[in-house]
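A short write-up of the structure that comes next.
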Amino acid sequence: MAGNKLKTILATDCGSTTTKAILIELTDQGYRLKTRGEAPTTVEAPFEDVTKGVLNAIMEVEELSGLKILDGDQIIHPMKDDNTGVDVYVSTSSAGGGLQMMVAGVVKAMTGESAERAALGAGSIVMDVLASNDGRLPHQKIERIRQLRPDMILLSGGIDGGTVSHVVELAEILAAANPKPRLGQNYKLPVIYAGNNKAQDNIAETLGEITDLDLIENIRPVLEVENLGPARDKIHDLFMEHVMAQAPGYKKLMSWTDAPIMPTPGAVGSLIEMVARQENISVVGVDIGGATTDIFSVFQGQFNRTVSANLGMSYSVCNVLAEATLENVLRWVPIDIDEGTLTNRIGNKMIRPTTVPQSLEELIIEQAIAREALRLSFIQHKSFAVSLKGVQSQRTISDAFDQSGSGETLVDMMELDLLVGSGGVLSHAPRREQAMRMMIDAFVPEGITQLAVDSIFMMPQLGVMANIEQADMAEDARKAAVEVFEKDCLIRLGTCIAPVGKPAKSGTVILTAEFDLPGEGKQVIELKQGEIIVIPAPYEPISAKLTPSKTMSIGKDKGESHQTDIYGGTVGLIFDGRGRPFELSTEKSKRIENLNKWSKATNEYPDTELLGGA
Amino acid sequence: MAHSYTPGLKVLHETKVRKDRILPLKGDVVVEAKASVTPDDIVARTHLPGNVQMMNVGNLLNIDPTDVEAVMQKPIGSEFAKGELIAETKGLFGFFKSNVMAPIDCTLESISSITGQVVLRDAPIPVEVDAYIRGVVAEVVPEEGVIIETEAVFIQGIFGIGGESRGELVVVTDGREDELTADLIKPEHAGKVLVGGSFISLPAYKKALSMKVAGVVVGGFNYFDLEEILGYTLGVAITGSEDLVTSLVLTEGYGEIRMGSRTFDLLKRHHGKFTSINGATQIRAGVIRPEIVIPLNPDDIKGDVHAIQINEGIQAGSLVRVIRAPYFGRIGTVVSLPPELQKMESETMVRVAEIKIDDQVMVIPRANLEMVETD
């Protein structure tokens with residue numbers, strides 16, 4: 001490799017429906033996305049070989065880039081010359097339903113939750129959390145384990161040197177259920193034990209014969225410490241060795257890649273974690289898919305991921321309707337629509353999941369559902385991303401007024417710096433304003449928050465690149481991941497500025513903003529309660545002084561001015577005066593009037609008769 | 001010629017249908033290769049391990065877990081009848097003994113000296129798999145099951161509920177646009193598969209249930225009425241395990257949508273034939289659609305089976321159905337497949353197809369088309 005540099009990197013993501021390939025090249029401006037290709041995933045019959053879809057996606061990349069990458073069905077790597085081959089090939093995968101796990105802990109809210117966090121962080125779907133105190137009788141737990149047939153189980157429980165009997169009892173339940181893995185009848189189910197080290201021998205005795213048991217460090221060695229790293233790494237190893245090796249064609253794919261294949265959400269999570277760490281900011285990332293919605297967050301340096309397994313825009317769209325209720329979906333729709341017709345339409349989207357909205361009405365309905373799916377997923381995330389439970393903390397008298405006890409959510413919307421959205425409904429929204437509005441309405445950011453979307457959903461591939469461990473390529477690959485993420489992946493939408501405080505009378509000024517717009521000089525705006533103002537502005541630092549009214553705050557004390565740099569973007573600066581907490585009017589005509597007013601202010605939808613326009 | 005891969009539902013007047021009839025666990029196959037079978041014939045059987053009950057004998061007898069094995073009346077692997085003595089302490093001078101009885105007929109599977117738990121297992125649960133369709137055993141998978149093969153009419157629906165069912169096919173509506181109303185369902189329809197046109201209402205379907213109709217095949221049904229039948233809101237389309245007398249197969253979707261003419265005509269042609277249907281639907285990767293299989297009599301087999309190419313996509317001249325509003329349910333012919341992206345009313349940029357519907361050419365996203373696969 002000339003100059004010890006990686007020149008070209010090829011990365012694929014094998015999703016459950018499409019396989020996406022991206023080609024990254026080293027240019028004069030650093031690493032940039034050269035092109036992308038996609039093809040249907042081929043894990044299922046009649047192909048039953050994931051590499052076919054991978055090759056098809058790469059062929060599209062070849063056609064578009066003019067680079068020769070394939071020699072028959074082999075990827076040429078490392079590069080032979082400037083037009084032949086790539087330096088590195090890596091891949092992620094969520095095909096075949098991704099990684100499905102069951103976790104167990106002695107106390108549901110303590111070791112059970114730590115185990116769940118470890119499994120989610122590694123990119124798996126947690127099918128169930130078993131715990132000694134989960135209220136189910138042993139035979140009910142056994143029945144559940146048999147029924148679910150997970151890909152692997154993470155068993156934890158107890159602090160090091162603590163009581164042995166509870167965690168052994170859980171192991172006995174597992175042994176009695178004797179679960180069979182989902183894929184492949186002829187191998188033993190992988191079980192990871194990450195509990196009380198004193199119980200390791202007993203666990204080995206109970207489960208050693210009938211499962212493929214791995215004993216690793218305790219995820220909760222003492223109550224005050226959570227040690228998720230070893231469990232996450234072991235899950236990744238086993239994902240490769242067992243689960244992936246059973247899926248059709250993966251043995252071949254594994255032989256092609258220069259780094260281990262990662263579960264897709266694990267790769268996205270590690271990228272978000274890296275960005276938060278590098279810039280020392282709080283980040284929330286969301287990926288809303290057809291079947292599931294993943295949320296990742298980093299607050300106070302702590303990473304959390306949740307997956308709402310049945311909140312999505314196609315396969316699970318009816319479940320959003322069921323959980324959110326029709327009334328909550330309809331509150332975002334500024335048109336009159338028959339409820340029976342609407343539910344049938346949504347039902348038809350579920351059974352024909354690949355369709356796209358042709359009419360504006362269909363688009364509005366779809367984006368209304370997306371708001372609810374995102375809102376519900378975020379509620380789940382907030383209740384899961386909490387500080388460790390069961391930790392005793394010493395308090396001084398000054399803490400009496402600022403109680404942040406154990407088990408409280410880490411998610412603080414005022415502290416949030418960056419909100420990143422991805423997934424079809426956000427990345428492919430016809431207007432970027434729509435993506436921004438959906439995220440603001442669903443996440444309700446407070447204070448000053450930057451928003452961005454993933455342009456073409458390449459976070460998984462960048463995530464796996466950032467995780468390459470081979471010494472000779474790790475540094476370049478990580479650099480490439482960060483540069484492409486910044487320049488080609490993230491589309492900066494702008495900043496949402498939302499004062500928080502007691503709702504004022506409609507029309508009262510709640511914030512005054514003074515800022516210097518590049519090329520336009522000093523501007524002053526007054527934001528009134530109930531309105532949204534959009535100021536087009538580029539993505540560069542804009543010096544601003546934000547002064548909330550006496551009852552409002554913008555991150556500091558009530559009424560206190562805040563001098564800071566804010567950033568615009570494709571949409572610009574959105575001043576959101578709808579109040580926090582934000583509630584829509586329950587009066588139908590008022591609600592529709594407001595929705596249309598905000599829609600117009602943000603240039604969200606075309607001005608048509610449907611929305612009372614021209 | 002421009003060409004686009006588009007999923008479609010099969011409506012085939014004659015095809016070779018192969019059905020895997022496999023046990024959930026290894027067991028015995030009870031038919032031989034080349035044997036003729038009828039839908040009710042058992043082809044394989046096995047026993048699932050019985051349910052498990054755990055009892056903490058240590059706690060129940062108030063003894064140390066390490067002492068549990070010593071107080072057990074029989075060794076691991078022994079059988080106990082319900083109410084039989086499992087464990088008993090020695091007591092004090094033979095008095096004040098504590099004991100534990102077997103809660104069920106069971107086998108003692110294990111004893112833990114750490115927790116004091118004993119594991120008792122129920123008797124095995126017998127499981128049988130039947131042939132589901134009339135046909136011939138094409139292949140025997142030793143210890144696992146068989147593959148049944150038959151020449152048949154094969155129609156896929158879009159969504160269904162209820163599992164496998166069978167019975168004589170009875171077309172009860174005159175046309176494909178007619179609703180299958182409650183008054184058309186009669187007591188003599190018990191055990192039969194009824195075919196309607198565009199729609200069945202909740203009260204009519206309930207009547208079919210009460211009359212023990214084996215199955216209903218119609219164009220549409222209301223999504224919001226499913227809740228009353230299933231007892232829960234259907235959030236993801238994974239069905240088939242519902243315990244319903246009457247399996248329901250929708251050929252078009254939710255709402256009132258007339259049945260495709262080819263589907264309706266084909267069903268009508270086989271009125272009175274014995275039919276197997278399955279409402280099981282799974283709309284995820286590895287999609288499973290509900291199905292209607294009508295095995296053909298030797299005289300009906302014409303041998304003009306066309307193998308449908310799985311990769312065959314739509315092209316000019318293909319017959320397609322629109323599967324999303326605003327033209328939902330309309331059937332037309334592809335005029336052309338322009339390669340460039342086009343902007344829709346929603347401003348979404350998509351690949352489109354020009355479709356001729358009732359002499360009018362309309363531009364529709366390719367993703368909103370379904371190929372009508374016929375032979």
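Identifiers in this document derive from the order of the structure tokens: chains are assigned A, B, ..., residues are numbered from 1 separately in each chain, and ligands are numbered from 1 in order of occurrence.
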
Kindly assemble as a tab-separated table a list of the chain B residues that lie within 6 Å of chain A, each paired with its nearest atom pair and their distance in Å to one decimal, using only C-alpha atoms, sorted first by chain and then by ascending residue number.
residue	atom	partner	partner_atom	distance
B:Val52	CA	A:His139	CA	5.8
B:Gln53	CA	A:His139	CA	5.4
B:Ile114	CA	A:Ser165	CA	6.0
B:Thr115	CA	A:Ser165	CA	5.3
B:Tyr223	CA	A:Asn344	CA	5.4
B:Gly235	CA	A:Asn319	CA	3.6
B:Val236	CA	A:Ser316	CA	5.0
B:Tyr254	CA	A:Asn344	CA	5.2
B:Gly255	CA	A:Asn344	CA	5.8
B:Gly286	CA	A:Glu44	CA	5.8
B:Met344	CA	A:Gln358	CA	5.7
B:Glu345	CA	A:Ser359	CA	5.1
B:Ser346	CA	A:Leu360	CA	4.1
B:Glu347	CA	A:Pro430	CA	5.6
B:Thr348	CA	A:Pro430	CA	5.1
B:Ala367	CA	A:Thr355	CA	5.0
B:Asn368	CA	A:Thr355	CA	4.8

Polymer residues at most 12 Å from Gly175 in chain B, only C-alpha atoms, same-chain spacing of 5 or more positions, as a ChimeraX atom specification: /B:180,195-199,218-219,258-265,267-268

Could you write out that same residue set with N, CA and C atoms as a PDB file, in the first residue's frame?
ATOM      1  N   LEU B 180     -70.005 -11.373   0.583  1.00  0.00           N
ATOM      2  CA  LEU B 180     -70.478 -12.648   1.148  1.00  0.00           C
ATOM      3  C   LEU B 180     -71.268 -12.296   2.411  1.00  0.00           C
ATOM      4  N   VAL B 195     -66.512 -19.526  -0.855  1.00  0.00           N
ATOM      5  CA  VAL B 195     -65.857 -18.467  -1.619  1.00  0.00           C
ATOM      6  C   VAL B 195     -66.866 -17.345  -1.852  1.00  0.00           C
ATOM      7  N   GLY B 196     -66.462 -16.129  -1.475  1.00  0.00           N
ATOM      8  CA  GLY B 196     -67.318 -14.969  -1.712  1.00  0.00           C
ATOM      9  C   GLY B 196     -66.641 -14.044  -2.698  1.00  0.00           C
ATOM     10  N   GLY B 197     -67.157 -12.839  -2.862  1.00  0.00           N
ATOM     11  CA  GLY B 197     -66.576 -11.916  -3.827  1.00  0.00           C
ATOM     12  C   GLY B 197     -65.668 -10.898  -3.179  1.00  0.00           C
ATOM     13  N   SER B 198     -66.258  -9.733  -2.877  1.00  0.00           N
ATOM     14  CA  SER B 198     -65.418  -8.601  -2.487  1.00  0.00           C
ATOM     15  C   SER B 198     -65.143  -8.491  -0.993  1.00  0.00           C
ATOM     16  N   PHE B 199     -66.042  -9.070  -0.155  1.00  0.00           N
ATOM     17  CA  PHE B 199     -65.960  -8.674   1.245  1.00  0.00           C
ATOM     18  C   PHE B 199     -66.763  -9.628   2.109  1.00  0.00           C
ATOM     19  N   VAL B 218     -62.339 -14.643   0.539  1.00  0.00           N
ATOM     20  CA  VAL B 218     -62.980 -13.443  -0.008  1.00  0.00           C
ATOM     21  C   VAL B 218     -61.932 -12.411  -0.396  1.00  0.00           C
ATOM     22  N   GLY B 219     -62.389 -11.327  -1.036  1.00  0.00           N
ATOM     23  CA  GLY B 219     -61.468 -10.252  -1.420  1.00  0.00           C
ATOM     24  C   GLY B 219     -60.946  -9.494  -0.215  1.00  0.00           C
ATOM     25  N   ARG B 258     -63.032  -5.967  -4.682  1.00  0.00           N
ATOM     26  CA  ARG B 258     -63.515  -7.137  -5.424  1.00  0.00           C
ATOM     27  C   ARG B 258     -62.357  -8.089  -5.723  1.00  0.00           C
ATOM     28  N   MET B 259     -62.704  -9.363  -5.703  1.00  0.00           N
ATOM     29  CA  MET B 259     -61.684 -10.377  -5.917  1.00  0.00           C
ATOM     30  C   MET B 259     -61.179 -10.309  -7.362  1.00  0.00           C
ATOM     31  N   GLY B 260     -59.898 -10.550  -7.562  1.00  0.00           N
ATOM     32  CA  GLY B 260     -59.333 -10.561  -8.902  1.00  0.00           C
ATOM     33  C   GLY B 260     -60.122 -11.522  -9.783  1.00  0.00           C
ATOM     34  N   SER B 261     -60.368 -11.128 -11.038  1.00  0.00           N
ATOM     35  CA  SER B 261     -61.254 -11.950 -11.861  1.00  0.00           C
ATOM     36  C   SER B 261     -60.673 -13.344 -12.107  1.00  0.00           C
ATOM     37  N   ARG B 262     -59.347 -13.415 -12.281  1.00  0.00           N
ATOM     38  CA  ARG B 262     -58.766 -14.740 -12.533  1.00  0.00           C
ATOM     39  C   ARG B 262     -58.919 -15.646 -11.337  1.00  0.00           C
ATOM     40  N   THR B 263     -58.709 -15.073 -10.152  1.00  0.00           N
ATOM     41  CA  THR B 263     -58.839 -15.858  -8.932  1.00  0.00           C
ATOM     42  C   THR B 263     -60.275 -16.363  -8.811  1.00  0.00           C
ATOM     43  N   PHE B 264     -61.223 -15.442  -8.981  1.00  0.00           N
ATOM     44  CA  PHE B 264     -62.620 -15.808  -8.793  1.00  0.00           C
ATOM     45  C   PHE B 264     -63.058 -16.854  -9.833  1.00  0.00           C
ATOM     46  N   ASP B 265     -62.686 -16.618 -11.076  1.00  0.00           N
ATOM     47  CA  ASP B 265     -63.093 -17.551 -12.135  1.00  0.00           C
ATOM     48  C   ASP B 265     -62.506 -18.945 -11.924  1.00  0.00           C
ATOM     49  N   LEU B 267     -61.600 -20.296  -9.050  1.00  0.00           N
ATOM     50  CA  LEU B 267     -62.276 -20.940  -7.925  1.00  0.00           C
ATOM     51  C   LEU B 267     -63.652 -21.445  -8.372  1.00  0.00           C
ATOM     52  N   LYS B 268     -64.317 -20.639  -9.166  1.00  0.00           N
ATOM     53  CA  LYS B 268     -65.656 -20.988  -9.626  1.00  0.00           C
ATOM     54  C   LYS B 268     -65.612 -22.273 -10.477  1.00  0.00           C
TER      55      LYS B 268
END

Selection near range 438-448 of chain A, 6 Å with only C-alpha atoms, sequence-local residues under 5 positions removed, as an MDAnalysis selection string: chainID A and resid 371 374:375 413:414 496:499 554:555

d(CA of Thr107 in chain B, CA of Leu189 in chain A) in Å: 24.4 Å

Contact residues around Asn83 in chain A with only C-alpha atoms at 9 Å, ignoring same-chain residues under 4 positions, as number ranges by chain: A: 66-69, 79

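The two atoms in question, CA of Asn594 in chain A and CA of Ile365 in chain A, are spaced 16.9 Å apart.
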
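Counting from CA of Leu253 in chain A, the distance to CA of Ala118 in chain A is 26.2 Å.
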
For range 38-41 of chain B, find every residue with an atom within 7 Å (counting only C-alpha atoms), except residues of its own chain fewer than 6 positions away, and show them as a PDB file with C-alpha atoms, in the first residue's frame.
ATOM      1  CA  ASP B 130     -51.177 -35.234   8.839  1.00  0.00           C
ATOM      2  CA  ALA B 131     -50.848 -35.063   5.054  1.00  0.00           C
ATOM      3  CA  TYR B 132     -52.865 -31.771   4.718  1.00  0.00           C
ATOM      4  CA  ILE B 133     -53.375 -32.306   0.969  1.00  0.00           C
ATOM      5  CA  ARG B 134     -54.367 -35.263  -1.153  1.00  0.00           C
ATOM      6  CA  GLY B 135     -51.349 -36.519  -3.060  1.00  0.00           C
TER       7      GLY B 135
END

May I have all residues of range 399-446 of chain A that DSSP, computed from the backbone, assigns to alpha helix (DSSP H), given as a PDB file with N, CA and C atoms, in the first residue's frame?
ATOM      1  N   GLY A 424     -35.600   4.899   6.434  1.00  0.00           N
ATOM      2  CA  GLY A 424     -36.308   5.365   5.243  1.00  0.00           C
ATOM      3  C   GLY A 424     -37.167   6.598   5.439  1.00  0.00           C
ATOM      4  N   VAL A 425     -38.050   6.585   6.427  1.00  0.00           N
ATOM      5  CA  VAL A 425     -39.023   7.674   6.557  1.00  0.00           C
ATOM      6  C   VAL A 425     -38.333   9.018   6.862  1.00  0.00           C
ATOM      7  N   LEU A 426     -37.157   8.978   7.489  1.00  0.00           N
ATOM      8  CA  LEU A 426     -36.420  10.217   7.779  1.00  0.00           C
ATOM      9  C   LEU A 426     -35.419  10.535   6.671  1.00  0.00           C
ATOM     10  N   SER A 427     -34.616   9.534   6.288  1.00  0.00           N
ATOM     11  CA  SER A 427     -33.574   9.788   5.283  1.00  0.00           C
ATOM     12  C   SER A 427     -34.166  10.092   3.909  1.00  0.00           C
ATOM     13  N   ARG A 432     -36.352  17.890   3.419  1.00  0.00           N
ATOM     14  CA  ARG A 432     -35.588  17.764   4.666  1.00  0.00           C
ATOM     15  C   ARG A 432     -36.342  18.398   5.835  1.00  0.00           C
ATOM     16  N   GLU A 433     -37.162  19.409   5.515  1.00  0.00           N
ATOM     17  CA  GLU A 433     -37.968  20.064   6.555  1.00  0.00           C
ATOM     18  C   GLU A 433     -38.864  19.043   7.246  1.00  0.00           C
ATOM     19  N   GLN A 434     -39.344  18.069   6.440  1.00  0.00           N
ATOM     20  CA  GLN A 434     -40.237  17.054   7.013  1.00  0.00           C
ATOM     21  C   GLN A 434     -39.493  16.202   8.041  1.00  0.00           C
ATOM     22  N   ALA A 435     -38.247  15.821   7.699  1.00  0.00           N
ATOM     23  CA  ALA A 435     -37.457  15.016   8.628  1.00  0.00           C
ATOM     24  C   ALA A 435     -37.230  15.790   9.920  1.00  0.00           C
ATOM     25  N   MET A 436     -36.917  17.070   9.766  1.00  0.00           N
ATOM     26  CA  MET A 436     -36.641  17.891  10.947  1.00  0.00           C
ATOM     27  C   MET A 436     -37.883  18.019  11.818  1.00  0.00           C
ATOM     28  N   ARG A 437     -39.027  18.278  11.169  1.00  0.00           N
ATOM     29  CA  ARG A 437     -40.275  18.417  11.920  1.00  0.00           C
ATOM     30  C   ARG A 437     -40.651  17.112  12.634  1.00  0.00           C
ATOM     31  N   MET A 438     -40.500  15.987  11.947  1.00  0.00           N
ATOM     32  CA  MET A 438     -40.849  14.704  12.573  1.00  0.00           C
ATOM     33  C   MET A 438     -40.013  14.486  13.830  1.00  0.00           C
ATOM     34  N   MET A 439     -38.716  14.788  13.718  1.00  0.00           N
ATOM     35  CA  MET A 439     -37.844  14.565  14.878  1.00  0.00           C
ATOM     36  C   MET A 439     -38.156  15.527  16.018  1.00  0.00           C
ATOM     37  N   ILE A 440     -38.418  16.790  15.674  1.00  0.00           N
ATOM     38  CA  ILE A 440     -38.732  17.765  16.737  1.00  0.00           C
ATOM     39  C   ILE A 440     -40.046  17.384  17.427  1.00  0.00           C
ATOM     40  N   ASP A 441     -41.055  17.033  16.634  1.00  0.00           N
ATOM     41  CA  ASP A 441     -42.360  16.714  17.222  1.00  0.00           C
ATOM     42  C   ASP A 441     -42.305  15.440  18.073  1.00  0.00           C
ATOM     43  N   ALA A 442     -41.471  14.484  17.670  1.00  0.00           N
ATOM     44  CA  ALA A 442     -41.432  13.215  18.395  1.00  0.00           C
ATOM     45  C   ALA A 442     -40.507  13.255  19.601  1.00  0.00           C
ATOM     46  N   PHE A 443     -39.353  13.885  19.454  1.00  0.00           N
ATOM     47  CA  PHE A 443     -38.371  13.888  20.548  1.00  0.00           C
ATOM     48  C   PHE A 443     -38.504  15.103  21.460  1.00  0.00           C
TER      49      PHE A 443
END

Option closest in space to Asp13 in chain A, from A:Gln147, A:Ser455, A:Gln200, A:Gln461 [counting only C-alpha atoms]: A:Gln461

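Around range 181-194 of chain B, within 8 Å and counting only C-alpha atoms, the residues found are Arg166, Gly167, Glu168, Leu169, Val170, Val171, Val172, Thr173, Ile200, Ser201, Pro203, Ala204, Tyr205, Lys207, Ala208, Met211, Lys212, Val213, Ala214, Gly215, Val216, Val217 and Thr275 of chain B, once anything fewer than 6 positions away on its own chain is removed.
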
Just list the residues in range 136-279 of chain B DSSP gives strand (DSSP E) on the backbone, as an mmCIF file with C-alpha atoms, in the first residue's frame.
data_model
loop_
_atom_site.group_PDB
_atom_site.id
_atom_site.type_symbol
_atom_site.label_atom_id
_atom_site.label_comp_id
_atom_site.auth_asym_id
_atom_site.auth_seq_id
_atom_site.Cartn_x
_atom_site.Cartn_y
_atom_site.Cartn_z
ATOM 1 C CA VAL B 136 -48.394 -38.868 -3.163
ATOM 2 C CA VAL B 137 -45.447 -39.177 -0.779
ATOM 3 C CA ALA B 138 -42.685 -37.854 -3.014
ATOM 4 C CA GLU B 139 -39.927 -38.095 -0.492
ATOM 5 C CA VAL B 140 -39.369 -39.455 2.994
ATOM 6 C CA VAL B 141 -37.043 -37.509 5.277
ATOM 7 C CA GLY B 145 -41.360 -36.314 7.987
ATOM 8 C CA VAL B 146 -42.331 -36.436 4.338
ATOM 9 C CA ILE B 147 -42.850 -34.280 1.283
ATOM 10 C CA ILE B 148 -46.260 -34.660 -0.334
ATOM 11 C CA GLU B 149 -46.665 -33.824 -3.976
ATOM 12 C CA THR B 150 -49.794 -33.231 -5.996
ATOM 13 C CA GLU B 151 -50.927 -31.631 -9.244
ATOM 14 C CA ALA B 152 -53.229 -28.868 -8.156
ATOM 15 C CA VAL B 153 -54.717 -25.442 -8.548
ATOM 16 C CA PHE B 154 -52.609 -23.148 -6.380
ATOM 17 C CA ILE B 155 -53.744 -19.693 -5.281
ATOM 18 C CA GLN B 156 -51.981 -17.422 -2.806
ATOM 19 C CA PHE B 159 -53.466 -12.250 4.324
ATOM 20 C CA GLY B 160 -55.201 -14.894 6.384
ATOM 21 C CA ILE B 161 -56.012 -16.100 9.860
ATOM 22 C CA GLU B 164 -54.769 -25.471 7.971
ATOM 23 C CA SER B 165 -58.294 -26.472 7.092
ATOM 24 C CA ARG B 166 -60.053 -28.464 4.387
ATOM 25 C CA GLY B 167 -63.413 -29.171 2.849
ATOM 26 C CA GLU B 168 -65.524 -29.022 -0.271
ATOM 27 C CA LEU B 169 -65.217 -25.735 -2.193
ATOM 28 C CA VAL B 170 -68.519 -23.865 -2.488
ATOM 29 C CA VAL B 171 -68.753 -20.567 -4.383
ATOM 30 C CA GLU B 179 -70.283 -9.322 -0.684
ATOM 31 C CA LEU B 180 -70.478 -12.648 1.148
ATOM 32 C CA VAL B 193 -64.803 -23.854 2.226
ATOM 33 C CA LEU B 194 -66.921 -20.906 1.084
ATOM 34 C CA VAL B 195 -65.857 -18.467 -1.619
ATOM 35 C CA PHE B 199 -65.960 -8.674 1.245
ATOM 36 C CA ILE B 200 -67.177 -10.416 4.369
ATOM 37 C CA GLY B 215 -62.927 -21.783 5.610
ATOM 38 C CA VAL B 216 -63.843 -18.524 3.900
ATOM 39 C CA VAL B 217 -62.067 -17.052 0.857
ATOM 40 C CA VAL B 218 -62.980 -13.443 -0.008
ATOM 41 C CA GLY B 219 -61.468 -10.252 -1.420
ATOM 42 C CA GLY B 220 -61.396 -8.192 1.757
ATOM 43 C CA PHE B 221 -62.237 -7.798 5.434
ATOM 44 C CA SER B 247 -59.872 -20.139 8.507
ATOM 45 C CA LEU B 248 -60.101 -16.870 6.591
ATOM 46 C CA VAL B 249 -58.130 -16.119 3.423
ATOM 47 C CA LEU B 250 -58.194 -12.615 1.912
ATOM 48 C CA THR B 251 -57.107 -12.474 -1.692
ATOM 49 C CA GLU B 252 -56.854 -8.677 -1.987
ATOM 50 C CA GLY B 253 -56.455 -6.904 1.354
ATOM 51 C CA TYR B 254 -58.291 -4.860 3.989
ATOM 52 C CA PHE B 274 -62.172 -30.974 -2.206
ATOM 53 C CA THR B 275 -59.828 -28.179 -1.145
ATOM 54 C CA SER B 276 -57.108 -27.580 1.437
ATOM 55 C CA ILE B 277 -56.543 -24.050 2.694
ATOM 56 C CA ASN B 278 -54.152 -22.459 5.153
#

Option closest in space to Phe457 in chain A, from A:Pro265, A:Gly494, A:Gly195, A:Pro548 [counting only C-alpha atoms]: A:Pro265
